[in-house]
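Trainee: See upload.cif below, with mmCIF, C-alpha atoms.
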data_query
loop_
_atom_site.label_atom_id
_atom_site.label_comp_id
_atom_site.auth_asym_id
_atom_site.auth_seq_id
_atom_site.Cartn_x
_atom_site.Cartn_y
_atom_site.Cartn_z
CA MET L 1 75.29 105.57 20.01
CA THR L 2 76.14 101.90 19.45
CA GLU L 3 78.24 101.65 22.59
CA LYS L 4 76.92 104.32 24.89
CA PRO L 5 75.64 107.88 24.59
CA HIS L 6 78.46 110.23 23.64
CA PRO L 7 77.14 113.75 24.16
CA GLU L 8 80.65 115.14 23.72
CA ALA L 9 80.31 114.51 19.99
CA ILE L 10 77.56 117.11 19.58
CA ALA L 11 77.99 120.74 20.57
CA PRO L 12 74.79 121.96 22.26
CA VAL L 13 73.24 125.13 20.86
CA THR L 14 74.52 128.01 22.95
CA ARG L 15 72.85 131.18 24.17
CA ALA L 16 75.29 133.18 22.10
CA GLU L 17 74.27 131.34 18.94
CA ARG L 18 70.60 131.96 19.60
CA ALA L 19 71.18 135.64 20.36
CA ALA L 20 73.31 136.07 17.26
CA ARG L 21 70.58 134.69 15.06
CA GLN L 22 67.86 136.99 16.23
CA PHE L 23 69.84 140.10 17.14
CA HIS L 24 68.50 140.48 20.65
CA PRO L 25 68.68 138.60 23.96
CA GLY L 26 65.62 137.47 25.86
CA ALA L 27 64.04 139.38 28.73
CA VAL L 28 61.13 139.23 31.15
CA VAL L 29 58.69 142.12 31.36
CA TRP L 30 56.65 141.39 34.45
CA LEU L 31 53.29 143.20 34.61
CA THR L 32 51.73 143.31 38.07
CA GLY L 33 48.56 145.05 39.20
CA LEU L 34 44.97 144.65 40.30
CA SER L 35 42.35 142.83 38.28
CA GLY L 36 41.05 145.38 35.79
CA ALA L 37 44.17 147.56 35.93
CA GLY L 38 44.87 146.80 32.28
CA LYS L 39 47.65 144.17 32.37
CA SER L 40 46.32 141.97 29.57
CA THR L 41 45.51 145.00 27.42
CA LEU L 42 49.00 146.38 27.90
CA ALA L 43 50.55 142.94 27.31
CA THR L 44 48.71 142.54 24.01
CA ALA L 45 49.70 146.04 22.90
CA LEU L 46 53.34 145.48 23.87
CA GLU L 47 53.43 142.16 22.05
CA ARG L 48 52.02 143.77 18.92
CA HIS L 49 54.48 146.66 19.08
CA LEU L 50 57.55 144.50 19.68
CA PHE L 51 56.50 141.85 17.15
CA ASP L 52 56.05 144.52 14.49
CA ARG L 53 59.56 145.74 15.21
CA GLY L 54 60.83 142.24 14.44
CA LEU L 55 61.49 141.06 17.97
CA ARG L 56 60.73 137.57 19.26
CA VAL L 57 58.03 138.12 21.88
CA MET L 58 55.45 136.07 23.75
CA VAL L 59 52.78 136.79 26.35
CA LEU L 60 52.20 134.52 29.34
CA ASP L 61 48.78 135.49 30.61
CA GLY L 62 47.89 134.31 34.09
CA ASP L 63 44.25 133.70 33.16
CA VAL L 64 45.24 131.62 30.14
CA MET L 65 47.82 129.66 32.11
CA ARG L 66 45.15 128.77 34.65
CA THR L 67 43.37 126.83 31.90
CA GLY L 68 46.52 124.80 31.20
CA LEU L 69 49.74 124.55 33.17
CA ASN L 70 48.14 125.91 36.33
CA SER L 71 44.72 124.33 35.99
CA ASP L 72 45.27 122.42 39.23
CA LEU L 73 45.62 125.61 41.30
CA GLY L 74 43.10 127.79 43.12
CA PHE L 75 43.40 131.19 44.74
CA SER L 76 44.64 130.45 48.24
CA HIS L 77 47.88 132.15 49.23
CA ALA L 78 49.82 128.91 48.67
CA ASP L 79 48.21 128.32 45.29
CA ARG L 80 48.82 131.88 44.16
CA THR L 81 52.45 131.55 45.16
CA GLU L 82 52.76 128.29 43.24
CA ASN L 83 50.95 129.86 40.27
CA ILE L 84 53.48 132.68 40.20
CA ARG L 85 56.42 130.34 40.78
CA ARG L 86 55.52 128.23 37.75
CA LEU L 87 54.92 131.25 35.58
CA GLY L 88 58.27 132.64 36.67
CA GLU L 89 59.98 129.36 35.81
CA VAL L 90 58.47 129.21 32.34
CA ALA L 91 59.22 132.90 31.75
CA ALA L 92 62.86 132.41 32.75
CA LEU L 93 63.19 129.31 30.58
CA LEU L 94 61.84 131.13 27.54
CA ALA L 95 63.82 134.30 28.15
CA ASP L 96 66.93 132.16 28.37
CA THR L 97 66.32 130.93 24.83
CA GLY L 98 66.01 134.46 23.49
CA THR L 99 62.34 135.34 23.83
CA ILE L 100 61.05 138.59 25.28
CA VAL L 101 58.42 137.28 27.66
CA ILE L 102 55.62 139.54 28.87
CA THR L 103 53.81 138.15 31.89
CA ALA L 104 50.38 139.41 32.81
CA LEU L 105 49.10 138.22 36.16
CA ILE L 106 48.06 140.00 39.35
CA SER L 107 51.05 138.57 41.29
CA PRO L 108 49.93 140.33 44.46
CA TYR L 109 52.77 139.38 46.83
CA VAL L 110 56.16 141.09 46.87
CA ALA L 111 58.01 137.92 47.83
CA ASP L 112 56.72 136.02 44.79
CA ARG L 113 57.75 138.77 42.40
CA VAL L 114 61.19 138.99 44.01
CA ARG L 115 61.58 135.26 43.57
CA ALA L 116 60.66 135.44 39.88
CA ARG L 117 63.37 138.07 39.39
CA GLN L 118 65.90 136.03 41.33
CA ARG L 119 65.07 132.89 39.39
CA LEU L 120 65.84 134.60 36.10
CA ALA L 121 69.13 135.94 37.48
CA GLN L 122 70.01 132.48 38.75
CA LEU L 123 69.41 130.93 35.35
CA ASN L 124 71.13 133.66 33.35
CA ASN L 125 72.19 136.80 35.16
CA SER L 126 72.80 138.75 31.97
CA LEU L 127 69.08 138.86 31.24
CA LEU L 128 66.81 141.78 31.91
CA PHE L 129 63.86 141.59 34.30
CA ILE L 130 61.63 144.67 34.19
CA GLU L 131 58.87 144.95 36.75
CA VAL L 132 56.02 147.11 35.51
CA TYR L 133 53.45 148.27 38.03
CA VAL L 134 50.22 148.52 36.04
CA ASP L 135 48.43 150.87 38.33
CA ALA L 136 44.88 152.16 38.55
CA PRO L 137 43.01 152.94 41.77
CA LEU L 138 40.85 150.14 43.09
CA SER L 139 37.78 152.32 42.53
CA VAL L 140 38.64 152.65 38.85
CA CYS L 141 39.34 148.92 38.45
CA GLU L 142 36.08 148.17 40.18
CA GLN L 143 34.22 150.52 37.87
CA ARG L 144 35.79 148.93 34.78
CA ASP L 145 35.20 145.39 36.11
CA PRO L 146 35.72 143.91 32.62
CA LYS L 147 35.00 140.35 33.76
CA GLY L 148 32.35 141.19 36.35
CA LEU L 149 34.57 139.79 39.08
CA TYR L 150 34.41 142.74 41.47
CA VAL L 151 30.63 142.60 41.54
CA ARG L 152 30.83 138.92 42.39
CA ALA L 153 33.57 139.46 44.97
CA ARG L 154 31.58 142.21 46.71
CA ALA L 155 28.59 139.89 46.74
CA GLY L 156 30.75 137.34 48.56
CA GLN L 157 30.68 134.92 45.64
CA ILE L 158 34.47 134.92 45.21
CA ALA L 159 36.67 134.29 48.23
CA GLU L 160 40.18 135.73 48.44
CA PHE L 161 39.74 138.30 45.69
CA THR L 162 42.73 140.64 45.41
CA GLY L 163 41.89 144.18 46.46
CA VAL L 164 38.63 143.13 48.08
CA SER L 165 39.25 140.21 50.42
CA ASP L 166 42.93 139.50 49.73
CA PRO L 167 45.82 142.00 49.84
CA TYR L 168 47.66 143.53 46.91
CA GLU L 169 51.20 144.42 47.87
CA ALA L 170 52.03 147.22 45.46
CA PRO L 171 55.66 147.46 44.27
CA ALA L 172 57.52 150.12 46.28
CA THR L 173 60.15 150.63 43.58
CA PRO L 174 58.93 149.15 40.29
CA ASP L 175 61.20 149.55 37.29
CA ILE L 176 58.33 151.24 35.50
CA HIS L 177 55.11 152.64 36.92
CA VAL L 178 52.23 153.18 34.52
CA ARG L 179 48.99 154.82 35.58
CA THR L 180 46.41 153.39 33.25
CA ASP L 181 43.69 155.70 34.60
CA GLN L 182 45.73 158.78 33.63
CA ALA L 183 47.78 157.86 30.55
CA PRO L 184 46.42 156.54 27.26
CA LEU L 185 47.44 153.03 26.25
CA GLU L 186 49.88 154.32 23.61
CA GLU L 187 51.73 156.29 26.26
CA CYS L 188 51.97 153.25 28.56
CA VAL L 189 53.33 151.17 25.70
CA ARG L 190 55.87 153.87 24.85
CA LEU L 191 57.14 154.03 28.42
CA VAL L 192 57.80 150.28 28.55
CA VAL L 193 59.18 149.93 25.03
CA THR L 194 61.57 152.85 25.40
CA ARG L 195 63.01 151.46 28.60
CA LEU L 196 63.16 147.89 27.34
CA LEU L 197 64.88 148.71 24.05
CA ALA L 198 67.35 151.07 25.73
CA GLU L 199 68.35 148.37 28.19
CA LEU L 200 68.51 145.66 25.53
CA ASP L 201 70.79 147.88 23.46
CA ALA L 202 72.99 148.51 26.48
CA ALA L 203 73.16 144.80 27.32
CA MET J 204 43.13 153.26 28.58
CA THR J 205 41.77 156.39 30.28
CA GLU J 206 38.22 155.10 30.48
CA LYS J 207 38.57 151.35 30.45
CA PRO J 208 40.72 148.74 28.72
CA HIS J 209 39.90 148.58 25.04
CA PRO J 210 41.56 145.44 23.70
CA GLU J 211 39.63 145.81 20.46
CA ALA J 212 41.99 148.64 19.48
CA ILE J 213 45.01 146.32 19.27
CA ALA J 214 45.12 143.30 17.01
CA PRO J 215 46.80 140.42 18.86
CA VAL J 216 49.71 138.72 17.10
CA THR J 217 48.31 135.72 15.27
CA ARG J 218 49.70 132.24 14.69
CA ALA J 219 49.75 132.96 10.98
CA GLU J 220 51.91 136.04 11.51
CA ARG J 221 54.39 134.10 13.63
CA ALA J 222 54.54 131.25 11.13
CA ALA J 223 55.01 133.64 8.22
CA ARG J 224 57.96 135.26 9.89
CA GLN J 225 59.92 132.11 10.53
CA PHE J 226 58.79 129.96 7.62
CA HIS J 227 57.75 126.94 9.67
CA PRO J 228 55.06 126.08 12.22
CA GLY J 229 55.80 124.71 15.66
CA ALA J 230 55.77 121.02 16.55
CA VAL J 231 56.37 118.68 19.46
CA VAL J 232 58.88 115.85 19.12
CA TRP J 233 58.27 113.69 22.17
CA LEU J 234 61.17 111.39 23.08
CA THR J 235 60.24 108.56 25.42
CA GLY J 236 62.39 105.71 26.69
CA LEU J 237 64.26 104.21 29.60
CA SER J 238 66.90 106.07 31.56
CA GLY J 239 70.13 105.60 29.61
CA ALA J 240 68.35 104.90 26.31
CA GLY J 241 69.85 108.07 24.84
CA LYS J 242 66.99 110.60 24.94
CA SER J 243 69.07 113.60 26.03
CA THR J 244 71.83 112.73 23.59
CA LEU J 245 69.37 112.46 20.74
CA ALA J 246 67.60 115.66 21.84
CA THR J 247 70.85 117.62 21.82
CA ALA J 248 71.82 116.24 18.41
CA LEU J 249 68.38 117.01 16.97
CA GLU J 250 68.47 120.54 18.37
CA ARG J 251 71.89 121.12 16.83
CA HIS J 252 70.82 119.74 13.47
CA LEU J 253 67.56 121.70 13.27
CA PHE J 254 69.11 124.91 14.62
CA ASP J 255 71.84 124.72 12.00
CA ARG J 256 69.16 124.42 9.33
CA GLY J 257 67.69 127.69 10.56
CA LEU J 258 64.71 126.33 12.44
CA ARG J 259 63.47 127.64 15.77
CA VAL J 260 64.02 124.73 18.17
CA MET J 261 64.19 124.15 21.91
CA VAL J 262 64.77 121.16 24.17
CA LEU J 263 62.71 120.56 27.30
CA ASP J 264 64.75 118.07 29.30
CA GLY J 265 62.93 116.31 32.11
CA ASP J 266 66.00 116.30 34.35
CA VAL J 267 66.54 120.03 33.84
CA MET J 268 62.86 120.80 34.41
CA ARG J 269 63.03 118.95 37.72
CA THR J 270 65.46 121.60 38.93
CA GLY J 271 62.99 124.36 38.06
CA LEU J 272 59.34 124.15 37.10
CA ASN J 273 58.98 120.63 38.50
CA SER J 274 61.26 120.97 41.51
CA ASP J 275 58.32 120.27 43.82
CA LEU J 276 57.70 116.82 42.35
CA GLY J 277 59.09 113.40 43.20
CA PHE J 278 58.84 110.04 41.44
CA SER J 279 55.58 108.57 42.67
CA HIS J 280 53.08 107.67 39.97
CA ALA J 281 51.05 110.83 40.71
CA ASP J 282 54.14 113.04 40.66
CA ARG J 283 55.41 111.52 37.42
CA THR J 284 52.02 112.11 35.85
CA GLU J 285 52.02 115.73 37.02
CA ASN J 286 55.62 116.11 35.82
CA ILE J 287 54.61 114.95 32.36
CA ARG J 288 51.42 117.01 32.38
CA ARG J 289 53.34 120.22 33.04
CA LEU J 290 55.97 119.43 30.46
CA GLY J 291 53.23 118.71 27.95
CA GLU J 292 51.55 122.02 28.74
CA VAL J 293 54.75 124.00 28.28
CA ALA J 294 55.62 122.09 25.12
CA ALA J 295 52.17 122.80 23.63
CA LEU J 296 52.38 126.47 24.58
CA LEU J 297 55.75 126.85 22.90
CA ALA J 298 54.82 124.84 19.83
CA ASP J 299 51.79 127.05 19.44
CA THR J 300 54.05 130.09 19.13
CA GLY J 301 56.12 128.47 16.41
CA THR J 302 58.86 126.57 18.21
CA ILE J 303 59.85 123.01 17.45
CA VAL J 304 59.95 121.57 20.95
CA ILE J 305 61.92 118.41 21.66
CA THR J 306 61.01 116.82 24.98
CA ALA J 307 63.35 114.36 26.63
CA LEU J 308 61.90 112.56 29.62
CA ILE J 309 61.22 108.92 30.42
CA SER J 310 57.44 109.48 30.39
CA PRO J 311 56.82 105.82 31.23
CA TYR J 312 53.01 105.72 31.13
CA VAL J 313 50.97 105.49 27.92
CA ALA J 314 48.10 107.57 29.32
CA ASP J 315 50.38 110.52 30.09
CA ARG J 316 51.87 110.52 26.60
CA VAL J 317 48.42 110.29 25.04
CA ARG J 318 47.33 113.25 27.11
CA ALA J 319 50.30 115.33 25.99
CA ARG J 320 49.37 114.63 22.37
CA GLN J 321 45.72 115.46 23.00
CA ARG J 322 46.62 118.67 24.77
CA LEU J 323 48.56 119.92 21.76
CA ALA J 324 45.67 119.01 19.45
CA GLN J 325 43.25 120.80 21.75
CA LEU J 326 45.34 123.96 21.71
CA ASN J 327 46.09 123.90 18.00
CA ASN J 328 45.08 120.86 16.00
CA SER J 329 47.14 121.82 12.98
CA LEU J 330 50.37 121.16 14.87
CA LEU J 331 52.46 118.05 14.60
CA PHE J 332 53.12 115.73 17.55
CA ILE J 333 55.70 113.06 16.83
CA GLU J 334 56.25 110.36 19.41
CA VAL J 335 59.73 108.88 19.18
CA TYR J 336 60.44 105.68 21.05
CA VAL J 337 64.10 105.90 22.01
CA ASP J 338 64.70 102.25 22.50
CA ALA J 339 67.54 100.20 23.90
CA PRO J 340 67.18 96.97 25.88
CA LEU J 341 67.17 97.39 29.63
CA SER J 342 70.40 95.38 29.83
CA VAL J 343 72.11 97.87 27.52
CA CYS J 344 70.78 100.90 29.41
CA GLU J 345 71.90 99.31 32.64
CA GLN J 346 75.36 98.68 31.24
CA ARG J 347 75.64 102.29 30.04
CA ASP J 348 74.23 103.67 33.31
CA PRO J 349 75.55 107.18 32.50
CA LYS J 350 74.39 108.66 35.82
CA GLY J 351 74.99 105.60 37.98
CA LEU J 352 71.28 105.36 38.68
CA TYR J 353 70.77 101.68 37.84
CA VAL J 354 73.47 100.66 40.28
CA ARG J 355 71.75 102.66 42.99
CA ALA J 356 68.31 101.37 42.02
CA ARG J 357 69.50 97.74 42.14
CA ALA J 358 71.02 98.46 45.54
CA GLY J 359 67.59 99.61 46.69
CA GLN J 360 68.73 103.21 47.11
CA ILE J 361 66.20 104.60 44.61
CA ALA J 362 62.56 103.65 44.95
CA GLU J 363 60.24 103.53 41.94
CA PHE J 364 62.98 103.49 39.33
CA THR J 365 61.64 102.93 35.83
CA GLY J 366 62.63 99.55 34.41
CA VAL J 367 63.74 98.23 37.81
CA SER J 368 61.02 98.86 40.36
CA ASP J 369 58.53 100.87 38.28
CA PRO J 370 57.04 99.92 34.91
CA TYR J 371 57.91 101.35 31.51
CA GLU J 372 54.96 101.11 29.15
CA ALA J 373 56.62 101.03 25.74
CA PRO J 374 54.75 102.70 22.87
CA ALA J 375 52.92 100.08 20.82
CA THR J 376 52.77 102.27 17.72
CA PRO J 377 55.26 105.13 18.06
CA ASP J 378 55.54 107.51 15.13
CA ILE J 379 59.24 106.71 15.00
CA HIS J 380 61.14 103.88 16.63
CA VAL J 381 64.89 104.29 17.01
CA ARG J 382 67.10 101.52 18.34
CA THR J 383 70.03 103.31 19.90
CA ASP J 384 71.86 100.07 20.58
CA GLN J 385 71.83 99.19 16.90
CA ALA J 386 71.95 102.45 14.94
CA PRO J 387 74.59 105.16 15.26
CA LEU J 388 73.44 108.55 16.54
CA GLU J 389 73.63 110.14 13.08
CA GLU J 390 71.21 107.54 11.77
CA CYS J 391 68.76 108.14 14.61
CA VAL J 392 68.91 111.89 13.94
CA ARG J 393 68.33 111.35 10.24
CA LEU J 394 65.25 109.20 10.87
CA VAL J 395 63.61 111.87 13.01
CA VAL J 396 64.65 114.86 10.91
CA THR J 397 63.49 113.30 7.65
CA ARG J 398 60.06 112.52 9.06
CA LEU J 399 59.72 115.87 10.81
CA LEU J 400 60.68 117.98 7.82
CA ALA J 401 58.52 115.96 5.44
CA GLU J 402 55.50 116.46 7.69
CA LEU J 403 56.23 120.14 8.26
CA ASP J 404 56.45 120.65 4.52
CA ALA J 405 53.17 118.84 4.04
CA ALA J 406 51.46 120.86 6.76
#
Written as structure tokens, that's how I'd like the structure from this file.
Mentor:
Amino acid sequence: MTEKPHPEAIAPVTRAERAARQFHPGAVVWLTGLSGAGKSTLATALERHLFDRGLRVMVLDGDVMRTGLNSDLGFSHADRTENIRRLGEVAALLADTGTIVITALISPYVADRVRARQRLAQLNNSLLFIEVYVDAPLSVCEQRDPKGLYVRARAGQIAEFTGVSDPYEAPATPDIHVRTDQAPLEECVRLVVTRLLAELDAA
Amino acid sequence: MTEKPHPEAIAPVTRAERAARQFHPGAVVWLTGLSGAGKSTLATALERHLFDRGLRVMVLDGDVMRTGLNSDLGFSHADRTENIRRLGEVAALLADTGTIVITALISPYVADRVRARQRLAQLNNSLLFIEVYVDAPLSVCEQRDPKGLYVRARAGQIAEFTGVSDPYEAPATPDIHVRTDQAPLEECVRLVVTRLLAELDAA
């Protein structure tokens, strides 16, 4: 370094080296669905299951990210899009270093989810992106209302609330479709894990 | 999940579990310095060294992040601050899941670096934040000019270029101070690694 930087002297850590150390590549498991559909619950259960199997796994929860990275964003269409863009960027970055990233955020617009998938492919097209539609009817989500948000949205206290005053564009062809009002949590976890591990093995 | 989400049924993966699996906690090693001071070179060398020792390590390079997460930002004071804020958020998030994160970006303003440190402490105050001042005189950086940026800045083709037309607020009391114009790369790596490992062991 006395004369000038000489990066050629140091071999950067490669994707192959990272993958070899932990026996599996990274991936993005993208959970989309209405508020109250069970995304965070499923994410936590998936993380637990995969961690206990020895995999490197991490949850990016939209609500948590809004207290940090995305604390400057609201819920307008533009802000939601930016929220999802940033989450997609971070997810891709982490997946590219060998982490199985589970994202849990409403991500209501098709275009934003497509972009997240494309971004991962652009960064490393050998990595898996699995879109999981975490589905329960609006009436069921509204009945659950775990955070009391639907009550507030119906009372007009929350503008642009997905499913009430803002659209949710359901995936037409998700990689996995789980019906959280019909299947127990364990069954939803099994569906995702089976698919994920089969595809990771095939990769 | 048939009635409503029941997160109490699943125990989330804890920090302690992650740390136990990989034998070391996360940390943030924050490299700050002028363009051309050798931040990216040092980051790559540190990553290689720590990876080869079996640690979980990842570089967040400011230039790379500007092609992804921060692609919407320019170089005004406000945009630089936001650039550093987001990098600090991602670094804290990753450190909190057990990764040693090495950030390489100019990060010219004291207040932004202080905030990155505070953010990590706020998220998990048991984690280490090490500020490394990657220091070479402006004249040396300008002579190296690895990306030809100083030439363009002096020609007035780049506005708000740190060290030329925008200030660099050097750390008054960095945790580590490396002089890349005086010490060979191996010595700079050794300084950081010795301090980092000693503090991780003590943690």
Trainee: Choose the residue, out of L:Gly74, L:Gly88, L:Gly148, L:Gly156, that has the smallest atom-to-atom separation from chain J; count all atoms listed in the file.
Mentor: L:Gly88
Trainee: Compile the residues of chain L that lie within 8 Å of chain J, evaluated using all atoms listed in the file, and express the compilation as a short mmCIF file (atom, residue, chain, number, x, y, z; two decimals) with C-alpha atoms, in the frame of the given file.
Mentor:
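Resulting contents of out-v6.cif:
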data_model
loop_
_atom_site.label_atom_id
_atom_site.label_comp_id
_atom_site.auth_asym_id
_atom_site.auth_seq_id
_atom_site.Cartn_x
_atom_site.Cartn_y
_atom_site.Cartn_z
CA MET L 1 75.29 105.57 20.01
CA THR L 2 76.14 101.90 19.45
CA GLU L 3 78.24 101.65 22.59
CA LYS L 4 76.92 104.32 24.89
CA PRO L 5 75.64 107.88 24.59
CA HIS L 6 78.46 110.23 23.64
CA PRO L 7 77.14 113.75 24.16
CA ILE L 10 77.56 117.11 19.58
CA ALA L 11 77.99 120.74 20.57
CA PRO L 12 74.79 121.96 22.26
CA VAL L 13 73.24 125.13 20.86
CA GLY L 36 41.05 145.38 35.79
CA GLY L 38 44.87 146.80 32.28
CA THR L 41 45.51 145.00 27.42
CA THR L 44 48.71 142.54 24.01
CA ALA L 45 49.70 146.04 22.90
CA GLU L 47 53.43 142.16 22.05
CA ARG L 48 52.02 143.77 18.92
CA PHE L 51 56.50 141.85 17.15
CA MET L 58 55.45 136.07 23.75
CA GLY L 68 46.52 124.80 31.20
CA LEU L 69 49.74 124.55 33.17
CA ARG L 85 56.42 130.34 40.78
CA ARG L 86 55.52 128.23 37.75
CA GLU L 89 59.98 129.36 35.81
CA VAL L 90 58.47 129.21 32.34
CA THR L 97 66.32 130.93 24.83
CA ARG L 144 35.79 148.93 34.78
CA PRO L 146 35.72 143.91 32.62
CA THR L 180 46.41 153.39 33.25
CA ASP L 181 43.69 155.70 34.60
CA GLN L 182 45.73 158.78 33.63
CA ALA L 183 47.78 157.86 30.55
CA PRO L 184 46.42 156.54 27.26
CA LEU L 185 47.44 153.03 26.25
#
Trainee: Given the choices L:Asn83, L:Thr32, L:Gln122, L:Thr162, which gets closest to L:Ile176 if the distance is worked out from all atoms listed in the file?
Mentor: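 Closest to L:Ile176, using all atoms listed in the file: L:Thr32.
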Trainee: Of the candidates L:Glu169, L:Asp79, L:Asp175, L:Glu199, which shows the shortest atom-to-atom distance to L:Arg117, using all atoms listed in the file?
Mentor: L:Asp175
Trainee: L:Gly62: which residues within 8 Å, counting all atoms listed in the file, same-chain residues fewer than 4 positions away excluded, as a CSV table (one decimal) with C-alpha atoms, keeping the file's coordinate frame?
Mentor:
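around.csv, written as the output of this step:
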chain,number,residue,atom,x,y,z
L,66,ARG,CA,45.2,128.8,34.6
L,87,LEU,CA,54.9,131.2,35.6
L,103,THR,CA,53.8,138.2,31.9
L,104,ALA,CA,50.4,139.4,32.8
L,105,LEU,CA,49.1,138.2,36.2
L,106,ILE,CA,48.1,140.0,39.4
Trainee: If you count only C-alpha atoms, which residues fall within 10 Å of J:Ser368, apart from same-chain ones fewer than 3 positions away, as a list of chain:residue names?
Mentor: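 Counting only the stated atoms, we get J:Ala356, J:Arg357, J:Gly359, J:Ile361, J:Ala362, J:Glu363, J:Phe364, J:Thr365, J:Tyr371.
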Trainee: Let me have the centre and edge lengths in Å, one decimal, of the box along x, y and z around every listed atom of stretch 306-323 of chain J with 3 Å of margin on each side, as AutoDock Vina command-line options.
Mentor:
--center_x 54.5 --center_y 112.7 --center_z 26.5 --size_x 23.6 --size_y 20.4 --size_z 15.5
Trainee: When you count all atoms listed in the file, which of these residues is closest to J:Leu400: J:Leu341, J:Ala314, J:Ala223, J:Leu253?
Mentor: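 That would be J:Leu253, the residue with the smallest distance to J:Leu400.
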Trainee: Report the distance between atom CA of J:Ser238 and atom CA of J:Thr376 in Å, rounded to one decimal place.
Mentor: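 Result for atom CA of J:Ser238 versus atom CA of J:Thr376: 20.1 Å, one decimal.
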Trainee: Residue by residue, what does the PyMOL selection byres ((chain L and resi 131) around 12) grab here? Present the result as a ChimeraX atom specification.
Mentor: /L:27-33,101-105,107,110,113-114,116-117,128-130,132-134,170-178,192,195-196
Trainee: Atom CA of J:Val396 and atom CA of J:Asp338, how far apart in Å?
Mentor: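 About the pair atom CA of J:Asp338 and atom CA of J:Val396: they are 17.1 Å apart.
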Trainee: Which residues fall under the PyMOL selection byres ((chain J and resi 227) around 9) in this file, as a tab-separated table (two decimals) with C-alpha atoms, in the frame of the given file?
Mentor:
chain	number	residue	atom	x	y	z
J	221	ARG	CA	54.39	134.10	13.63
J	222	ALA	CA	54.54	131.25	11.13
J	223	ALA	CA	55.01	133.64	8.22
J	224	ARG	CA	57.96	135.26	9.89
J	225	GLN	CA	59.92	132.11	10.53
J	226	PHE	CA	58.79	129.96	7.62
J	228	PRO	CA	55.06	126.08	12.22
J	229	GLY	CA	55.80	124.71	15.66
J	258	LEU	CA	64.71	126.33	12.44
J	259	ARG	CA	63.47	127.64	15.77
J	301	GLY	CA	56.12	128.47	16.41
J	302	THR	CA	58.86	126.57	18.21
J	303	ILE	CA	59.85	123.01	17.45
J	403	LEU	CA	56.23	120.14	8.26
J	404	ASP	CA	56.45	120.65	4.52
Trainee: Hey, can you check how far atom CA of J:Ser342 sits from atom CA of J:Leu237?
Mentor: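 Atom CA of J:Ser342 sits 10.8 Å away from atom CA of J:Leu237.
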